[in-house]
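One structure below.
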Amino acid sequence: MIIDLTDTTSGKIASTLVAARHKSGTPTTGAVLTLVVSTEERHHYDAMKAASRAAREHPARIIIAIGRPDTTRTRLDAEVRTGDENGPGEVVVLRLYGELATHADSVVLPLLLPDVPVVTWWPDEGPDVPSKEPLGAFAQRRITDAAEYYKPMTKLVARAAGYQPGDTDLAWTRLTPWRSMLAAALDQFPHRVVSVAVSGEEGNPSVRVLAVWLRQRLGVPVTRTADEGPGITSVELMTEDGPIRLSRPDGELATLSVPGQPDRPVALKRRETAELIAEELRRLDSDDVYARLLAEVNVPFSEPLKVAGPTVEKAAKEARRLGEPAPVAVDEAQTETGESA
């Protein structure tokens, strides 16, 4: 059921939500949190779809705030959505026109569920300091995605400078299966790692974040290779008795190679946004591991980036900005055979 409200107020929206629940025979929401989504009109449908899917695992009241500050008249329009297609919770789509767009918190606050956590998610570019944004100030968790910005490292560095407990980024969330698989491989083959090689899509922030995490946790040199992806394509942990290699060239199925054992396929499919949001909603405390990683995300790598596929000139600009050695070009055929990975 979709109820349209034009030129309305937060009070009328709250009353409509109560009436819709009573009409459906469920006077209580059963929601365990409020998920606030701050987005643009062009992205709101995909964000709403992902949030609704995540709410099937974590029942929530979803409030989607769409700012339209370019209009002269100040007005609030809303859609109240209830029913099976939105999961067990409720969805409120707010369109804030004119000056109201800069005061979204004054509209959203009366619609928050009482006595449950609040999570704010920016599916778009997102702010540099989420905790200082009006819609982030009252949230226990604040979710951003550096991959949505054309210069993701710029966003990560800015968020590192303004980090507050509760901040997180989907560039980090995407690494959970990789981190789990690599940790499990080291448990099976507990030998000292002497170096690490990470390969992945040029410009993908998760590639650098994974390289920083491995450097931080293992305390060994890390080399990086930029290829055409998709996403992270391989990680090689070189030990004194041979390499442990996790390779995923197609974004679907990976191959795990461990010395003295036959290669075996492992499921490592790139996850959709709804799965990433659902993972973040499982924990509402601060992520100390992410906080420690973010503190070192802009520490330069001593080894030059190896570039296969993308232009060296583009990678060179990023390297200069980060204070890293100039990248070197490698042959793609060599990276496929592991000679330069």
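Residue numbering restarts at 1 in every chain; chains get A, B, ... in the order shown in the structure tokens, and ligands count up from 1 in that same order.
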Find the residues around Leu96 of chain A up to 8 Å (only C-alpha atoms counted), leave out those fewer than 5 positions away in its own chain, and share them as a PyMOL selection string.
chain A and resi 65-69+74-77+101+104
Write out, as an mmCIF file, in the first residue's frame, the residues just selected, with C-alpha atoms.
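out.cif was written with the following content:
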```
data_model
loop_
_atom_site.group_PDB
_atom_site.id
_atom_site.type_symbol
_atom_site.label_atom_id
_atom_site.label_comp_id
_atom_site.auth_asym_id
_atom_site.auth_seq_id
_atom_site.Cartn_x
_atom_site.Cartn_y
_atom_site.Cartn_z
ATOM 1 C CA ALA A 65 15.204 11.780 2.689
ATOM 2 C CA ILE A 66 15.532 13.329 -0.776
ATOM 3 C CA GLY A 67 16.638 16.948 -0.810
ATOM 4 C CA ARG A 68 15.610 19.316 -3.607
ATOM 5 C CA PRO A 69 17.164 22.631 -2.561
ATOM 6 C CA THR A 74 9.537 25.313 0.727
ATOM 7 C CA ARG A 75 7.390 22.183 0.785
ATOM 8 C CA LEU A 76 7.355 18.620 2.124
ATOM 9 C CA ASP A 77 5.888 15.737 0.123
ATOM 10 C CA ALA A 101 16.232 20.466 2.267
ATOM 11 C CA ALA A 104 16.111 17.470 6.967
#
```
d(atom CA of Asp105 of chain A, atom CA of Leu156 of chain A) in Å:
24.8 Å
Tell me, counting only C-alpha atoms, for each residue of segment 114-210 of chain A within 10 Å of segment 224-232 of chain A, which pair of atoms is nearest and how far apart they are in Å to one decimal, in rows ordered by chain and increasing number, as a tab-separated table.
```
residue	atom	partner	partner_atom	distance
A:Arg174	CA	A:Gly231	CA	9.6
A:Leu175	CA	A:Ile232	CA	9.1
A:Trp178	CA	A:Ile232	CA	9.1
A:Val196	CA	A:Arg224	CA	8.6
A:Ala197	CA	A:Arg224	CA	5.7
A:Val198	CA	A:Arg224	CA	4.8
A:Ser199	CA	A:Thr225	CA	4.6
A:Gly200	CA	A:Ile232	CA	4.0
A:Glu201	CA	A:Gly229	CA	4.0
A:Glu202	CA	A:Ala226	CA	4.7
A:Gly203	CA	A:Ala226	CA	8.0
A:Asn204	CA	A:Gly231	CA	6.6
A:Pro205	CA	A:Gly231	CA	9.1
A:Ser206	CA	A:Ile232	CA	7.5
A:Val207	CA	A:Ile232	CA	5.9
A:Arg208	CA	A:Arg224	CA	8.3
A:Leu210	CA	A:Ile232	CA	9.0
```
Extract, using only C-alpha atoms, all DNA, RNA and protein residues at most 12 Å from segment 235-242 of chain A, discarding same-chain residues fewer than 5 positions from it, and format them as an MDAnalysis selection string.
chainID A and resid 175 178:179 181:183 185:186 189:200 207:208 210:211 214:215 218 220:225 247:249 254:261 335 338:341
Across A:Leu305, A:Val299, A:Leu135, A:Ala47, the smallest distance to Lys317 of chain A, with only C-alpha atoms counted, is shown by A:Leu305
Restricting the calculation to only C-alpha atoms: of A:Leu112, A:Ala308, A:Ile62, A:Val297, which residue gets closest to Gly11 of chain A?
A:Leu112
DSSP-assigned strand (DSSP E) members of segment 58-250 of chain A, reported as a ChimeraX atom specification:
/A:60-68,75-81,90-97,118-121,141-144,167-169,193-201,222-227,232-239,242-247
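Among the candidates A:Arg56, A:Lys306, A:Lys23, A:His103, the residue lying nearest to Ala278 of chain A is A:Arg56 (atoms considered: only C-alpha atoms).
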Identify all residues of segment 47-119 of chain A in helix (DSSP H, G or I) (DSSP on the backbone) and supply them as an MDAnalysis selection string.
chainID A and resid 47:55 84:86 98:111
Let me see the file: selected residues, C-alpha atoms, as an mmCIF file, in the first residue's frame.
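To be explicit, this is the file written out as out.cif:
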```cif
data_model
loop_
_atom_site.group_PDB
_atom_site.id
_atom_site.type_symbol
_atom_site.label_atom_id
_atom_site.label_comp_id
_atom_site.auth_asym_id
_atom_site.auth_seq_id
_atom_site.Cartn_x
_atom_site.Cartn_y
_atom_site.Cartn_z
ATOM 1 C CA ALA A 47 18.540 2.670 -2.256
ATOM 2 C CA MET A 48 14.968 1.965 -1.177
ATOM 3 C CA LYS A 49 15.080 -1.482 -2.761
ATOM 4 C CA ALA A 50 18.375 -2.352 -1.031
ATOM 5 C CA ALA A 51 17.194 -1.011 2.331
ATOM 6 C CA SER A 52 13.907 -2.921 2.093
ATOM 7 C CA ARG A 53 15.752 -6.156 1.361
ATOM 8 C CA ALA A 54 18.072 -5.575 4.306
ATOM 9 C CA ALA A 55 15.012 -4.916 6.493
ATOM 10 C CA ASP A 84 5.011 -7.260 1.947
ATOM 11 C CA GLU A 85 7.110 -5.738 -0.828
ATOM 12 C CA ASN A 86 8.782 -3.493 1.756
ATOM 13 C CA GLY A 98 13.616 24.595 -0.983
ATOM 14 C CA GLU A 99 15.116 25.680 2.328
ATOM 15 C CA LEU A 100 13.639 22.619 4.037
ATOM 16 C CA ALA A 101 16.232 20.466 2.267
ATOM 17 C CA THR A 102 18.948 21.925 4.499
ATOM 18 C CA HIS A 103 16.967 21.096 7.643
ATOM 19 C CA ALA A 104 16.111 17.470 6.967
ATOM 20 C CA ASP A 105 16.788 16.538 10.589
ATOM 21 C CA SER A 106 13.841 18.666 11.783
ATOM 22 C CA VAL A 107 11.531 16.565 9.580
ATOM 23 C CA VAL A 108 13.113 13.183 10.291
ATOM 24 C CA LEU A 109 13.461 13.458 14.098
ATOM 25 C CA PRO A 110 9.694 13.246 14.850
ATOM 26 C CA LEU A 111 9.484 10.108 12.692
#
```
